[in-house]
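The next block holds one structure in the form of structure tokens; read it before the comments.
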Amino acid sequence: MNTYTLDHPELALSEPKTLEKVAIVVSKGSLEGIYPALIMANGARMEGIEADLFFTFFGLDAIRKDRFEKIKVATVGNPGMHMPTWLGALPGFSALATKMMQRQMEKIDIPPIPEFIELVADSGVRLYACKATVDMFGLTMADFVPQVEGIISVGEFYEQAAGGQIIFT
Amino acid sequence: MTATMIAETSVDLDAEGFMTVPEQWNEEIAAELAAENGIADLTARHWLVVKFMRERFLATGAAPSIRALGKESGVPVKELYELFPKGPAKLAAKIGGIPKPQGCI
């Protein structure tokens with residue numbers, strides 16, 4: 001990087017000093033799929049960076065009234081769990097792993113998902129549901145928590161994200 | 001780390017402008033740091049947050065999370081961002097004369 005900027009001092013000067021805006025796409029509905037996006041959105045706001053969250057496909061579970069309190073860790077098909085697939089598939093195993101993980105998170109002050117959704121919304125993060133998925137699953141605004149600002153198309157999402165960085169999770 | 005004169009006191013600051021020696025802090029310094037960071041007038045609500053941050057840090061050795069700040073300081077999260085638009089925890093720490101918060105939340 002140093003060599004690069006020395007060779008091109010004009011590039012070094014034109015580089016923005018800070019990130020000003022991020023738009024984060026949440027496409028997975030598991031605990032480990034949703035938390036990173038919430039932590040990054042909250043972290044952005046804490047640094048004074050604008051942040052949007054766009055929930056698509058199973059990521060919508062994070063903002064669905066009937067599901068957002070029941071988000072679980074994926075214990076099957078998740079090599080990160082370091083356990084045999086048959087073990088992860090035992091009844092109640094995912095719930096147990098989720099409980100253990102949530103206890104650890106509470107210790108380092110990471111809120112449960114419903115509280116976290118409220119926290120990021122209160123912090124000024126804008127929450128949107130993806131129109132294509134909403135139509136596919138036959139959902140309406142009534143299915144979502146009140147913090148959701150609207151159901152928007154991909155095109156509208158890009159408009160909203162203009163001038164910022166897009167992160168896909 | 002550099003020593004800088006703020007409100008006629010010599011203060012040690014890190015590269016981002018956070019005080020590294022909390023004992024050097026006083027309210028005049030806080031007001032000046034706030035003005036430098038876009039808060040011209042520290043209201044009673046600002047002070048509530050700044051003092052909560054500072055006291056919590058001095059008592060525990062770590063700055064509180066935004067979650068704790070919202071729940072325990074007496075100022076809810078929405079208002080925290082109205083008071084400190086560029087990041088409540090970070091700015092309140094800077095104004096309160098304590099190091100930059102290290103946590104992710």
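Lettering and numbering for the structure tokens are positional, with chains as A, B, ... in the shown order, residues counted from 1 in each chain, and ligands counted from 1 in the shown order.
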
Can you list, as a PyMOL selection string, every protein, DNA or RNA residue that comes within 12 Å of B:Ser73 when you count only C-alpha atoms, leaving out same-chain residues fewer than 2 positions away?
chain B and resi 45-56+64-71+75-77+79-80+88-89+92

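Within 7 Å of chain A, and counting only C-alpha atoms, chain B contributes Val77, Lys78, Tyr81, Pro85, Lys86, Gly87, Pro88, Ala89, Cys104 and Ile105 of chain B.
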
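If you measure from each of B:Gln102, B:Ala62, B:Gly97, B:Leu42 to B:Val11 using only C-alpha atoms, the closest one turns out to be B:Gly97.
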
List the neighbours of A:Ala95 out to 10 Å using only C-alpha atoms; skip same-chain residues closer than 2 positions along the sequence, and give me the result as a VMD selection string.
chain A and resid 70 to 75 91 to 93 97 to 101

With N, CA and C atoms retained, could you export that selection as a tab-separated table (two decimals), in the first residue's frame?
chain	number	residue	atom	x	y	z
A	70	LYS	N	-37.47	-16.66	17.55
A	70	LYS	CA	-37.16	-18.11	17.51
A	70	LYS	C	-36.00	-18.42	16.57
A	71	ILE	N	-35.10	-17.50	16.37
A	71	ILE	CA	-33.96	-17.72	15.48
A	71	ILE	C	-32.97	-18.70	16.12
A	72	LYS	N	-32.54	-19.70	15.33
A	72	LYS	CA	-31.67	-20.76	15.86
A	72	LYS	C	-30.34	-20.85	15.12
A	73	VAL	N	-29.37	-21.39	15.84
A	73	VAL	CA	-28.09	-21.71	15.21
A	73	VAL	C	-28.30	-22.92	14.29
A	74	ALA	N	-27.65	-22.90	13.13
A	74	ALA	CA	-27.71	-24.07	12.24
A	74	ALA	C	-26.73	-25.12	12.75
A	75	THR	N	-27.26	-26.25	13.24
A	75	THR	CA	-26.36	-27.30	13.75
A	75	THR	C	-26.17	-28.41	12.72
A	91	PRO	N	-33.26	-34.16	17.87
A	91	PRO	CA	-34.30	-33.20	18.27
A	91	PRO	C	-33.84	-32.34	19.45
A	92	GLY	N	-34.07	-31.08	19.36
A	92	GLY	CA	-33.74	-30.17	20.46
A	92	GLY	C	-32.29	-29.72	20.47
A	93	PHE	N	-31.47	-30.28	19.60
A	93	PHE	CA	-30.05	-29.94	19.66
A	93	PHE	C	-29.78	-28.49	19.25
A	97	ALA	N	-27.98	-25.59	21.46
A	97	ALA	CA	-26.80	-24.85	20.99
A	97	ALA	C	-27.10	-23.35	20.97
A	98	THR	N	-28.32	-23.01	20.57
A	98	THR	CA	-28.74	-21.60	20.52
A	98	THR	C	-28.73	-21.00	21.92
A	99	LYS	N	-29.27	-21.73	22.86
A	99	LYS	CA	-29.34	-21.28	24.24
A	99	LYS	C	-27.94	-21.01	24.80
A	100	MET	N	-27.03	-21.97	24.52
A	100	MET	CA	-25.66	-21.81	25.02
A	100	MET	C	-24.98	-20.59	24.41
A	101	MET	N	-25.19	-20.44	23.10
A	101	MET	CA	-24.56	-19.31	22.43
A	101	MET	C	-25.13	-17.98	22.93

Between atom CA of A:Phe137 and atom CA of A:Val76, what is the distance, to one decimal in Å?
23.8 Å

Could you tell me, as JSON, numbers by chain, which residues of chain B DSSP assigns to strand (DSSP E) when given the backbone?
{"B": [2, 3, 4, 5, 6, 9, 10, 11, 12, 13]}

What's the 6 Å shell around stretch 51-57 of chain A, counting only C-alpha atoms, without same-chain residues fewer than 2 positions away, as a PDB file with C-alpha atoms, in the first residue's frame?
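The new file selection33.pdb reads:
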ATOM      1  CA  LYS A  21     -22.537   4.881   4.392  1.00  0.00           C
ATOM      2  CA  VAL A  22     -23.152   1.113   4.271  1.00  0.00           C
ATOM      3  CA  ALA A  23     -26.045  -1.008   3.056  1.00  0.00           C
ATOM      4  CA  ILE A  24     -26.068  -4.544   4.430  1.00  0.00           C
ATOM      5  CA  VAL A  25     -27.998  -7.363   2.774  1.00  0.00           C
ATOM      6  CA  VAL A  26     -29.153 -10.121   5.141  1.00  0.00           C
ATOM      7  CA  SER A  27     -29.978 -13.290   3.199  1.00  0.00           C
ATOM      8  CA  ALA A  41     -25.025  -2.118  11.265  1.00  0.00           C
ATOM      9  CA  GLY A  59     -33.049 -13.239   6.235  1.00  0.00           C
ATOM     10  CA  LEU A  60     -36.638 -11.969   6.489  1.00  0.00           C
ATOM     11  CA  VAL A 125     -30.538   2.146  10.910  1.00  0.00           C
ATOM     12  CA  ARG A 126     -33.269   1.875   8.255  1.00  0.00           C
ATOM     13  CA  LEU A 127     -34.778  -1.601   7.849  1.00  0.00           C
ATOM     14  CA  TYR A 128     -36.275  -2.832   4.578  1.00  0.00           C
ATOM     15  CA  ALA A 129     -37.832  -6.070   3.370  1.00  0.00           C
ATOM     16  CA  CYS A 130     -37.072  -7.366  -0.124  1.00  0.00           C
ATOM     17  CA  THR A 133     -39.133 -12.477  -1.367  1.00  0.00           C
TER      18      THR A 133
END

List every residue of chain B that DSSP, applied to the backbone of this structure, places in alpha helix (DSSP H), and write the result as an NGL selection string.
:B and (27-36 or 44-60 or 66-72 or 77-83 or 88-95)

Surrounding residues of A:Asn78 excluding itself and chain neighbours under 4 positions, 12 Å, only C-alpha atoms, as an MDAnalysis selection string:
chainID A and resid 30:33 73:74 82:89 94

Residues just named, written with N, CA and C atoms as a compact mmCIF listing (two decimals), in the first residue's frame:
# COMPACT_ATOMS: atom_id res chain seq x y z
N SER A 30 -30.47 -17.96 9.87
CA SER A 30 -29.95 -18.61 11.06
C SER A 30 -29.36 -17.56 12.00
N LEU A 31 -29.13 -17.95 13.23
CA LEU A 31 -28.54 -17.03 14.22
C LEU A 31 -27.22 -16.47 13.72
N GLU A 32 -26.36 -17.38 13.20
CA GLU A 32 -25.05 -16.94 12.76
C GLU A 32 -25.13 -16.19 11.42
N GLY A 33 -26.30 -16.24 10.78
CA GLY A 33 -26.48 -15.49 9.55
C GLY A 33 -26.93 -14.07 9.83
N VAL A 73 -29.37 -21.39 15.84
CA VAL A 73 -28.09 -21.71 15.21
C VAL A 73 -28.30 -22.92 14.29
N ALA A 74 -27.65 -22.90 13.13
CA ALA A 74 -27.71 -24.07 12.24
C ALA A 74 -26.73 -25.12 12.75
N HIS A 82 -18.25 -28.24 14.19
CA HIS A 82 -17.30 -29.31 14.52
C HIS A 82 -17.95 -30.47 15.26
N MET A 83 -19.00 -30.99 14.66
CA MET A 83 -19.67 -32.16 15.24
C MET A 83 -20.28 -32.97 14.11
N PRO A 84 -20.52 -34.26 14.37
CA PRO A 84 -21.12 -35.08 13.31
C PRO A 84 -22.52 -34.58 12.96
N THR A 85 -22.88 -34.69 11.70
CA THR A 85 -24.18 -34.21 11.23
C THR A 85 -25.33 -34.87 12.00
N TRP A 86 -25.21 -36.19 12.25
CA TRP A 86 -26.31 -36.89 12.94
C TRP A 86 -26.56 -36.32 14.33
N LEU A 87 -25.48 -35.85 14.97
CA LEU A 87 -25.62 -35.28 16.31
C LEU A 87 -26.37 -33.95 16.25
N GLY A 88 -25.98 -33.13 15.30
CA GLY A 88 -26.64 -31.83 15.13
C GLY A 88 -28.11 -31.97 14.77
N ALA A 89 -28.46 -33.14 14.20
CA ALA A 89 -29.84 -33.34 13.75
C ALA A 89 -30.75 -33.88 14.85
N SER A 94 -30.47 -28.07 18.18
CA SER A 94 -30.29 -26.71 17.70
C SER A 94 -30.73 -25.69 18.77
